[in-house]
$ cat entry.cif   # mmCIF, C-alpha atoms
data_entry
loop_
_atom_site.label_atom_id
_atom_site.label_comp_id
_atom_site.auth_asym_id
_atom_site.auth_seq_id
_atom_site.Cartn_x
_atom_site.Cartn_y
_atom_site.Cartn_z
CA MET Z 243 120.11 86.06 102.88
CA LYS Z 244 117.25 85.18 105.21
CA ILE Z 245 115.68 88.06 107.16
CA ASP Z 246 112.83 87.45 109.62
CA PHE Z 247 111.81 91.02 110.45
CA ALA Z 248 110.81 94.07 108.43
CA ILE Z 249 109.83 97.63 109.32
CA ILE Z 250 107.95 99.77 106.83
CA GLY Z 251 108.89 103.33 107.67
CA GLY Z 252 106.30 106.06 107.39
CA SER Z 253 106.11 109.73 108.26
CA GLY Z 254 106.99 109.02 111.89
CA THR Z 255 110.57 107.92 111.32
CA LEU Z 256 111.24 109.73 108.04
CA SER Z 257 112.99 112.73 109.60
CA SER Z 258 115.38 110.51 111.57
CA ASN Z 259 116.64 108.40 108.65
CA PHE Z 260 115.66 105.40 110.76
CA PRO Z 261 117.37 103.73 112.58
CA GLU Z 262 120.34 106.11 112.62
CA LYS Z 263 118.87 108.32 115.34
CA ASN Z 264 118.54 105.27 117.58
CA LEU Z 265 122.15 104.09 117.19
CA PRO Z 266 123.12 105.30 120.69
CA ASP Z 267 121.02 102.39 122.00
CA GLY Z 268 124.18 100.32 121.52
CA ASP Z 269 122.77 97.11 120.06
CA ILE Z 270 122.02 98.46 116.57
CA LYS Z 271 124.33 97.97 113.62
CA ILE Z 272 123.79 99.07 110.01
CA LEU Z 273 124.71 96.14 107.74
CA GLU Z 274 123.85 97.30 104.20
CA GLU Z 275 122.36 100.48 102.75
CA ASN Z 276 120.97 101.79 99.47
CA LEU Z 277 119.83 98.35 98.34
CA ILE Z 278 117.62 98.25 95.24
CA PHE Z 279 116.14 94.96 94.07
CA ASP Z 280 114.77 93.97 90.67
CA THR Z 281 111.20 92.72 91.07
CA PRO Z 282 108.50 91.67 88.57
CA TYR Z 283 106.87 95.03 89.34
CA GLY Z 284 109.89 97.22 88.69
CA LYS Z 285 112.88 98.22 90.78
CA SER Z 286 112.23 98.36 94.49
CA PRO Z 287 112.70 101.49 96.58
CA GLN Z 288 115.98 101.81 98.42
CA MET Z 289 116.14 99.45 101.37
CA LYS Z 290 118.41 99.02 104.32
CA ILE Z 291 119.43 96.00 106.39
CA PHE Z 292 120.33 96.54 110.02
CA GLU Z 293 120.71 94.42 113.10
CA VAL Z 294 119.16 94.96 116.51
CA ALA Z 295 119.81 92.60 119.41
CA GLY Z 296 121.37 90.20 116.91
CA LYS Z 297 118.25 90.09 114.71
CA LYS Z 298 118.38 91.20 111.07
CA VAL Z 299 115.75 93.71 109.95
CA LEU Z 300 114.91 94.93 106.43
CA THR Z 301 113.45 98.44 106.20
CA CYS Z 302 112.44 101.08 103.69
CA LYS Z 303 111.37 104.72 103.92
CA MET Z 304 107.87 106.15 103.55
CA HIS Z 305 106.21 102.93 102.39
CA GLY Z 306 108.36 102.95 99.25
CA TRP Z 307 106.31 105.78 97.75
CA ARG Z 308 108.16 107.63 94.96
CA SER Z 309 107.18 110.12 92.31
CA GLY Z 310 106.05 108.49 89.07
CA ILE Z 311 105.42 105.07 90.62
CA THR Z 312 101.96 104.07 91.75
CA ARG Z 313 101.51 103.28 95.40
CA ALA Z 314 100.13 99.88 94.39
CA ASP Z 315 103.35 99.03 92.52
CA SER Z 316 105.46 100.35 95.40
CA SER Z 317 103.66 97.98 97.75
CA ARG Z 318 104.08 95.04 95.38
CA GLN Z 319 107.80 95.73 95.05
CA ILE Z 320 108.32 95.87 98.79
CA PHE Z 321 106.34 92.76 99.64
CA TRP Z 322 107.86 90.76 96.78
CA VAL Z 323 111.27 91.45 98.35
CA PHE Z 324 109.92 90.58 101.80
CA ARG Z 325 108.64 87.26 100.48
CA GLU Z 326 111.93 86.45 98.75
CA VAL Z 327 114.00 86.94 101.91
CA GLY Z 328 111.49 85.11 104.12
CA VAL Z 329 110.16 87.94 106.29
CA LYS Z 330 107.83 86.65 109.03
CA LYS Z 331 107.06 89.73 111.15
CA ILE Z 332 106.28 93.19 109.77
CA LEU Z 333 105.79 96.45 111.65
CA SER Z 334 104.61 99.67 110.01
CA GLU Z 335 104.13 103.19 111.32
CA GLY Z 336 102.67 106.46 110.18
CA GLY Z 337 100.85 109.65 111.01
CA VAL Z 338 97.05 109.67 110.86
CA GLY Z 339 94.15 112.07 111.18
CA THR Z 340 91.28 111.86 113.62
CA ILE Z 341 87.78 110.66 112.92
CA ASN Z 342 86.90 109.89 116.52
CA ARG Z 343 86.35 113.27 118.20
CA LEU Z 344 87.92 112.04 121.45
CA LEU Z 345 91.37 111.74 119.84
CA ASN Z 346 93.94 114.53 119.76
CA PRO Z 347 97.29 115.14 118.06
CA ARG Z 348 100.13 113.19 119.70
CA ASP Z 349 97.85 110.33 120.78
CA LEU Z 350 99.20 106.88 119.87
CA LEU Z 351 96.86 104.20 118.57
CA ILE Z 352 97.50 100.55 117.73
CA PRO Z 353 94.64 99.65 115.37
CA ASP Z 354 92.95 96.25 115.58
CA ASP Z 355 90.80 96.59 112.46
CA TYR Z 356 90.57 98.55 109.23
CA LEU Z 357 88.09 99.92 106.73
CA ASP Z 358 89.42 100.08 103.17
CA MET Z 359 87.95 103.07 101.33
CA SER Z 360 90.77 103.16 98.79
CA CYS Z 361 90.63 102.12 95.15
CA ARG Z 362 93.74 99.94 95.55
CA LYS Z 363 91.87 96.73 96.35
CA ASP Z 364 93.09 94.40 93.59
CA VAL Z 365 96.73 94.51 94.66
CA MET Z 366 98.36 91.10 94.93
CA LEU Z 367 101.54 89.24 94.12
CA ASP Z 368 100.09 86.19 92.39
CA GLY Z 369 96.59 85.63 93.75
CA ARG Z 370 97.17 82.03 94.75
CA TYR Z 371 95.63 82.42 98.18
CA LEU Z 372 92.26 83.19 99.66
CA LEU Z 373 92.93 85.81 102.31
CA VAL Z 374 90.76 85.64 105.42
CA MET Z 375 91.01 89.12 106.95
CA ARG Z 376 89.92 88.22 110.47
CA ASP Z 377 92.56 89.53 112.92
CA ALA Z 378 94.31 91.17 109.99
CA LEU Z 379 96.49 93.10 112.45
CA CYS Z 380 98.40 90.46 114.41
CA PRO Z 381 97.18 90.29 118.04
CA GLU Z 382 100.59 89.19 119.31
CA LEU Z 383 102.53 91.99 117.61
CA ARG Z 384 99.89 94.46 118.77
CA LYS Z 385 100.41 93.38 122.39
CA LYS Z 386 104.15 93.89 122.03
CA LEU Z 387 103.62 97.32 120.48
CA LEU Z 388 101.43 98.30 123.43
CA THR Z 389 104.02 97.13 125.97
CA ALA Z 390 106.83 98.97 124.18
CA ALA Z 391 104.73 102.13 123.77
CA LYS Z 392 103.94 102.18 127.50
CA ARG Z 393 107.64 101.91 128.28
CA PHE Z 394 108.71 104.93 126.25
CA PHE Z 395 105.62 107.14 125.84
CA ARG Z 396 103.94 109.12 128.62
CA GLY Z 397 100.97 110.34 126.60
CA ARG Z 398 97.70 108.64 125.73
CA ILE Z 399 97.91 105.20 124.12
CA PHE Z 400 94.92 103.35 122.69
CA ASP Z 401 95.25 99.60 122.20
CA ARG Z 402 92.46 99.27 119.63
CA GLY Z 403 90.62 101.22 116.97
CA THR Z 404 89.63 101.09 113.33
CA TYR Z 405 91.88 102.60 110.67
CA ALA Z 406 90.07 103.94 107.58
CA VAL Z 407 92.25 103.85 104.46
CA THR Z 408 91.83 106.49 101.77
CA ASP Z 409 93.82 107.01 98.57
CA GLY Z 410 95.33 110.43 99.11
CA ARG Z 411 97.65 112.08 98.49
CA HIS Z 412 95.23 114.85 99.47
CA PHE Z 413 93.58 114.84 102.89
CA GLU Z 414 89.90 114.05 103.27
CA SER Z 415 87.05 116.55 102.96
CA PRO Z 416 84.78 117.40 105.91
CA ALA Z 417 81.99 115.39 104.24
CA GLU Z 418 84.25 112.34 103.95
CA ILE Z 419 85.26 112.56 107.61
CA SER Z 420 81.57 112.94 108.57
CA MET Z 421 80.68 109.86 106.51
CA LEU Z 422 83.41 107.80 108.23
CA ASN Z 423 82.45 108.98 111.72
CA GLY Z 424 80.99 106.08 113.66
CA HIS Z 425 82.71 103.54 111.41
CA ALA Z 426 86.38 104.29 112.08
CA ASP Z 427 88.58 106.15 114.57
CA ILE Z 428 91.54 107.29 112.48
CA VAL Z 429 92.22 107.89 108.80
CA GLY Z 430 95.39 107.38 106.77
CA GLN Z 431 96.69 106.24 103.40
CA SER Z 432 99.03 103.30 103.93
CA LEU Z 433 97.50 100.38 105.85
CA ALA Z 434 96.00 98.91 102.68
CA PRO Z 435 97.18 97.19 100.55
CA GLU Z 436 99.98 96.39 103.02
CA VAL Z 437 97.66 94.42 105.28
CA TYR Z 438 96.55 92.23 102.33
CA LEU Z 439 100.07 91.64 101.04
CA ALA Z 440 101.34 90.72 104.49
CA ARG Z 441 98.69 88.05 104.75
CA GLU Z 442 99.46 86.85 101.22
CA ILE Z 443 103.12 86.21 102.09
CA GLY Z 444 102.12 84.55 105.37
CA ALA Z 445 103.64 87.23 107.62
CA CYS Z 446 102.34 88.82 110.81
CA TYR Z 447 101.63 92.54 110.46
CA ALA Z 448 100.90 95.32 112.95
CA ASN Z 449 100.79 99.09 112.80
CA LEU Z 450 101.66 101.93 115.14
CA SER Z 451 99.70 105.08 114.29
CA PHE Z 452 100.21 108.48 115.86
CA VAL Z 453 97.69 111.26 115.46
CA VAL Z 454 99.14 114.33 113.74
CA ASN Z 455 96.01 116.28 112.77
CA TYR Z 456 92.28 116.56 113.29
CA GLY Z 457 90.07 115.29 110.50
CA GLU Z 458 88.51 118.13 108.54
CA GLY Z 459 85.31 119.40 110.14
CA ILE Z 460 86.30 118.25 113.63
CA LYS Z 461 88.66 121.04 114.66
CA ILE Z 462 91.04 123.39 112.89
CA TRP Z 463 94.56 121.97 112.94
CA SER Z 464 97.97 123.50 112.38
CA HIS Z 465 100.49 122.39 109.76
CA ASP Z 466 103.23 123.68 112.09
CA THR Z 467 102.04 121.31 114.82
CA MET Z 468 102.15 118.40 112.38
CA LYS Z 469 105.69 119.35 111.40
CA GLU Z 470 106.77 119.55 115.04
CA ILE Z 471 105.35 116.08 115.74
CA PHE Z 472 107.16 114.57 112.75
CA PHE Z 473 110.51 115.97 113.85
CA ASP Z 474 110.15 115.80 117.63
CA ASP Z 475 108.76 112.27 117.92
CA ALA Z 476 110.82 110.41 115.29
CA GLU Z 477 113.25 109.01 117.84
CA LEU Z 478 110.37 107.90 120.09
CA ILE Z 479 108.62 106.01 117.28
CA GLY Z 480 111.91 104.33 116.40
CA LYS Z 481 112.49 103.28 120.01
CA ILE Z 482 109.07 101.63 120.21
CA LEU Z 483 109.53 99.68 116.97
CA LEU Z 484 113.03 98.52 117.88
CA GLU Z 485 111.89 97.38 121.33
CA VAL Z 486 109.24 95.19 119.71
CA ILE Z 487 111.92 93.50 117.57
CA ARG Z 488 114.06 92.93 120.66
CA LYS Z 489 111.18 91.25 122.47
CA THR Z 490 109.90 89.15 119.55
CA ASP Z 491 110.99 85.67 118.57
CA SER Z 492 110.69 85.11 114.82
CA GLU Z 493 109.43 81.58 115.45
CA GLU Z 494 106.57 82.58 117.77
CA ASN Z 495 103.38 81.09 116.39
CA SER Z 496 100.63 81.65 118.95
CA CYS Z 497 98.65 83.81 116.49
CA GLU Z 498 96.69 82.51 113.50
CA CYS Z 499 98.04 84.96 110.91
CA LYS Z 500 99.56 82.34 108.62
CA LYS Z 501 96.64 79.94 109.07
CA LEU Z 502 94.25 82.60 107.76
CA ARG Z 503 95.93 82.38 104.37
CA LYS Z 504 94.08 79.60 102.55
CA GLU Z 505 94.66 77.86 99.24
CA THR Z 506 92.43 79.51 96.65
CA LEU Z 507 89.47 77.56 95.31
CA LEU Z 508 90.46 78.96 91.90
CA LYS Z 509 93.74 77.04 91.93
CA GLU Z 510 93.21 75.62 88.45
CA VAL Z 511 92.78 79.13 87.05
CA TYR Z 512 96.09 80.30 88.51
CA ASP Z 513 97.93 77.08 87.59
CA ASN Z 514 97.04 77.70 83.93
CA ARG Z 515 98.22 81.32 83.86
#

$ encode --input "entry.cif" --output "structure tokens"
Amino acid sequence: MKIDFAIIGGSGTLSSNFPEKNLPDGDIKILEENLIFDTPYGKSPQMKIFEVAGKKVLTCKMHGWRSGITRADSSRQIFWVFREVGVKKILSEGGVGTINRLLNPRDLLIPDDYLDMSCRKDVMLDGRYLLVMRDALCPELRKKLLTAAKRFFRGRIFDRGTYAVTDGRHFESPAEISMLNGHADIVGQSLAPEVYLAREIGACYANLSFVVNYGEGIKIWSHDTMKEIFFDDAELIGKILLEVIRKTDSEENSCECKKLRKETLLKEVYDNR
């Protein structure tokens, strides 16, 4: 089966068992559920195939993270499946903390760059490509996310910003947030290695981040507020992602995402593996 679109679910849609909460929209149909694929990196997380506006979409929950399986392997499993079914456009979402002191909980941000502070840097499928990480977050998908967000969300939306990636699963210390201040605007745990793997399989990738807490040392935040955001805004996040799929042609090629994946100069090394 060929599937052009994928959505990597994060904390934003987790409480809604995406896309079930959006089924009243009328053009959404669940095709297959509880799919687990054998990959070279172990069994994949459960995935779901649904249709919106006649377009097939493959999705998984919470970035495929599961107890006992490294986040690096989870990412490899997901993107191996994406590559096998021919995914061309990938959207991800998730809650983030603030680094920029001007941001507040319930702000939406569509990052245009990232800063990888994680230890998960050597995560690849086969290493056959040199990945140029200019415009790593697809400009075209980002524009569509902004348009969809403006349609459904009445709060503050930021169309650019830098996402700092940390390992987690703990949150960052005040000293870490202070160190990142001036270099990034938001902090989370999922954008990398996804952004690398998307480029490796030649797919466009964009992220919708919503602020759920203040970074430590900026302002005291409430776990209850975070919980409310996760449950109250799940349907909204789903609506934005689905609208982007509706308005996106899988064959659109005005961006350079695929062109920024180059043949490795170490081809002979990989050919002899």

$ closest_residue --input "entry.cif" --among "Z:Ala390, Z:Phe472, Z:Leu357, Z:Val338" --to "Arg488 (chain Z)" --atoms "all atoms listed in the file"
Z:Ala390

$ resolve_selection --input "entry.cif" --expression "the PyMOL selection byres ((chain Z and resi 410-422) around 8)" --output "MDAnalysis selection string"
chainID Z and resid 341 406 408:409 423:426 431 457:460

$ atom_distance --input "entry.cif" --atom1 "CA of Arg308 (chain Z)" --atom2 "CA of Lys290 (chain Z)"
16.3 Å

$ atom_distance --input "entry.cif" --atom1 "CA of Lys501 (chain Z)" --atom2 "CA of Arg402 (chain Z)"
22.4 Å

$ closest_residue --input "entry.cif" --among "Z:Leu387, Z:Met468, Z:Ile250, Z:Ala378" --to "Ser317 (chain Z)" --atoms "all atoms listed in the file"
Z:Ile250

$ residues_around --input "entry.cif" --residues "Ala448 (chain Z)" --least-positions-apart "3" --cutoff "6 Å" --atoms "all atoms listed in the file" --output "list in words"
Leu333, Leu379, Cys380, Leu383 and Arg384 of chain Z

$ residues_near_point --input "entry.cif" --point "(105.6, 105.3, 101.3)" --cutoff "12 Å" --atoms "only C-alpha atoms" --output "PDB file with C-alpha atoms, in the coordinates of the input"
ATOM      1  CA  ILE Z 249     109.830  97.630 109.320  1.00  0.00           C
ATOM      2  CA  ILE Z 250     107.950  99.770 106.830  1.00  0.00           C
ATOM      3  CA  GLY Z 251     108.890 103.330 107.670  1.00  0.00           C
ATOM      4  CA  GLY Z 252     106.300 106.060 107.390  1.00  0.00           C
ATOM      5  CA  SER Z 253     106.110 109.730 108.260  1.00  0.00           C
ATOM      6  CA  GLY Z 254     106.990 109.020 111.890  1.00  0.00           C
ATOM      7  CA  THR Z 255     110.570 107.920 111.320  1.00  0.00           C
ATOM      8  CA  LEU Z 256     111.240 109.730 108.040  1.00  0.00           C
ATOM      9  CA  SER Z 286     112.230  98.360  94.490  1.00  0.00           C
ATOM     10  CA  PRO Z 287     112.700 101.490  96.580  1.00  0.00           C
ATOM     11  CA  GLN Z 288     115.980 101.810  98.420  1.00  0.00           C
ATOM     12  CA  THR Z 301     113.450  98.440 106.200  1.00  0.00           C
ATOM     13  CA  CYS Z 302     112.440 101.080 103.690  1.00  0.00           C
ATOM     14  CA  LYS Z 303     111.370 104.720 103.920  1.00  0.00           C
ATOM     15  CA  MET Z 304     107.870 106.150 103.550  1.00  0.00           C
ATOM     16  CA  HIS Z 305     106.210 102.930 102.390  1.00  0.00           C
ATOM     17  CA  GLY Z 306     108.360 102.950  99.250  1.00  0.00           C
ATOM     18  CA  TRP Z 307     106.310 105.780  97.750  1.00  0.00           C
ATOM     19  CA  ARG Z 308     108.160 107.630  94.960  1.00  0.00           C
ATOM     20  CA  SER Z 309     107.180 110.120  92.310  1.00  0.00           C
ATOM     21  CA  ILE Z 311     105.420 105.070  90.620  1.00  0.00           C
ATOM     22  CA  THR Z 312     101.960 104.070  91.750  1.00  0.00           C
ATOM     23  CA  ARG Z 313     101.510 103.280  95.400  1.00  0.00           C
ATOM     24  CA  ALA Z 314     100.130  99.880  94.390  1.00  0.00           C
ATOM     25  CA  ASP Z 315     103.350  99.030  92.520  1.00  0.00           C
ATOM     26  CA  SER Z 316     105.460 100.350  95.400  1.00  0.00           C
ATOM     27  CA  SER Z 317     103.660  97.980  97.750  1.00  0.00           C
ATOM     28  CA  ARG Z 318     104.080  95.040  95.380  1.00  0.00           C
ATOM     29  CA  GLN Z 319     107.800  95.730  95.050  1.00  0.00           C
ATOM     30  CA  ILE Z 320     108.320  95.870  98.790  1.00  0.00           C
ATOM     31  CA  SER Z 334     104.610  99.670 110.010  1.00  0.00           C
ATOM     32  CA  GLU Z 335     104.130 103.190 111.320  1.00  0.00           C
ATOM     33  CA  GLY Z 336     102.670 106.460 110.180  1.00  0.00           C
ATOM     34  CA  GLY Z 337     100.850 109.650 111.010  1.00  0.00           C
ATOM     35  CA  GLY Z 410      95.330 110.430  99.110  1.00  0.00           C
ATOM     36  CA  ARG Z 411      97.650 112.080  98.490  1.00  0.00           C
ATOM     37  CA  GLY Z 430      95.390 107.380 106.770  1.00  0.00           C
ATOM     38  CA  GLN Z 431      96.690 106.240 103.400  1.00  0.00           C
ATOM     39  CA  SER Z 432      99.030 103.300 103.930  1.00  0.00           C
ATOM     40  CA  LEU Z 433      97.500 100.380 105.850  1.00  0.00           C
ATOM     41  CA  ALA Z 434      96.000  98.910 102.680  1.00  0.00           C
ATOM     42  CA  PRO Z 435      97.180  97.190 100.550  1.00  0.00           C
ATOM     43  CA  GLU Z 436      99.980  96.390 103.020  1.00  0.00           C
TER      44      GLU Z 436
END

$ atom_distance --input "entry.cif" --atom1 "CA of Glu505 (chain Z)" --atom2 "CA of Ile443 (chain Z)"
12.2 Å

$ residues_near_point --input "entry.cif" --point "(111.3, 93.8, 124.4)" --cutoff "12 Å" --atoms "all atoms listed in the file" --output "PDB file with C-alpha atoms, keeping the file's coordinate frame"
ATOM      1  CA  VAL Z 294     119.160  94.960 116.510  1.00  0.00           C
ATOM      2  CA  ALA Z 295     119.810  92.600 119.410  1.00  0.00           C
ATOM      3  CA  LEU Z 383     102.530  91.990 117.610  1.00  0.00           C
ATOM      4  CA  LYS Z 385     100.410  93.380 122.390  1.00  0.00           C
ATOM      5  CA  LYS Z 386     104.150  93.890 122.030  1.00  0.00           C
ATOM      6  CA  LEU Z 387     103.620  97.320 120.480  1.00  0.00           C
ATOM      7  CA  LEU Z 388     101.430  98.300 123.430  1.00  0.00           C
ATOM      8  CA  THR Z 389     104.020  97.130 125.970  1.00  0.00           C
ATOM      9  CA  ALA Z 390     106.830  98.970 124.180  1.00  0.00           C
ATOM     10  CA  ALA Z 391     104.730 102.130 123.770  1.00  0.00           C
ATOM     11  CA  LYS Z 392     103.940 102.180 127.500  1.00  0.00           C
ATOM     12  CA  ARG Z 393     107.640 101.910 128.280  1.00  0.00           C
ATOM     13  CA  PHE Z 394     108.710 104.930 126.250  1.00  0.00           C
ATOM     14  CA  LYS Z 481     112.490 103.280 120.010  1.00  0.00           C
ATOM     15  CA  ILE Z 482     109.070 101.630 120.210  1.00  0.00           C
ATOM     16  CA  LEU Z 483     109.530  99.680 116.970  1.00  0.00           C
ATOM     17  CA  LEU Z 484     113.030  98.520 117.880  1.00  0.00           C
ATOM     18  CA  GLU Z 485     111.890  97.380 121.330  1.00  0.00           C
ATOM     19  CA  VAL Z 486     109.240  95.190 119.710  1.00  0.00           C
ATOM     20  CA  ILE Z 487     111.920  93.500 117.570  1.00  0.00           C
ATOM     21  CA  ARG Z 488     114.060  92.930 120.660  1.00  0.00           C
ATOM     22  CA  LYS Z 489     111.180  91.250 122.470  1.00  0.00           C
ATOM     23  CA  THR Z 490     109.900  89.150 119.550  1.00  0.00           C
ATOM     24  CA  ASP Z 491     110.990  85.670 118.570  1.00  0.00           C
TER      25      ASP Z 491
END

$ closest_residue --input "entry.cif" --among "Z:Glu275, Z:Glu470, Z:Glu442, Z:Glu498" --to "Val365 (chain Z)" --atoms "all atoms listed in the file"
Z:Glu442

$ residues_around --input "entry.cif" --residues "Trp322 (chain Z)" --least-positions-apart "6" --cutoff "9 Å" --atoms "all atoms listed in the file" --output "list in words"
Thr281, Pro282, Tyr283, Leu367, Leu439 and Ile443 of chain Z

$ write_last_selection --input "entry.cif" --atoms "C-alpha atoms" --output "PDB file, keeping the file's coordinate frame"
ATOM      1  CA  THR Z 281     111.200  92.720  91.070  1.00  0.00           C
ATOM      2  CA  PRO Z 282     108.500  91.670  88.570  1.00  0.00           C
ATOM      3  CA  TYR Z 283     106.870  95.030  89.340  1.00  0.00           C
ATOM      4  CA  LEU Z 367     101.540  89.240  94.120  1.00  0.00           C
ATOM      5  CA  LEU Z 439     100.070  91.640 101.040  1.00  0.00           C
ATOM      6  CA  ILE Z 443     103.120  86.210 102.090  1.00  0.00           C
TER       7      ILE Z 443
END

$ closest_residue --input "entry.cif" --among "Z:Thr404, Z:Asn495, Z:Asn346, Z:Thr506" --to "Phe452 (chain Z)" --atoms "all atoms listed in the file"
Z:Asn346

$ residues_around --input "entry.cif" --residues "Lys500 (chain Z)" --least-positions-apart "5" --cutoff "10 Å" --atoms "only C-alpha atoms" --output "number ranges by chain"
Z: 330, 373-374, 440-446, 495

$ closest_residue --input "entry.cif" --among "Z:Leu372, Z:Val454, Z:Val299, Z:Cys497" --to "Ala248 (chain Z)" --atoms "only C-alpha atoms"
Z:Val299
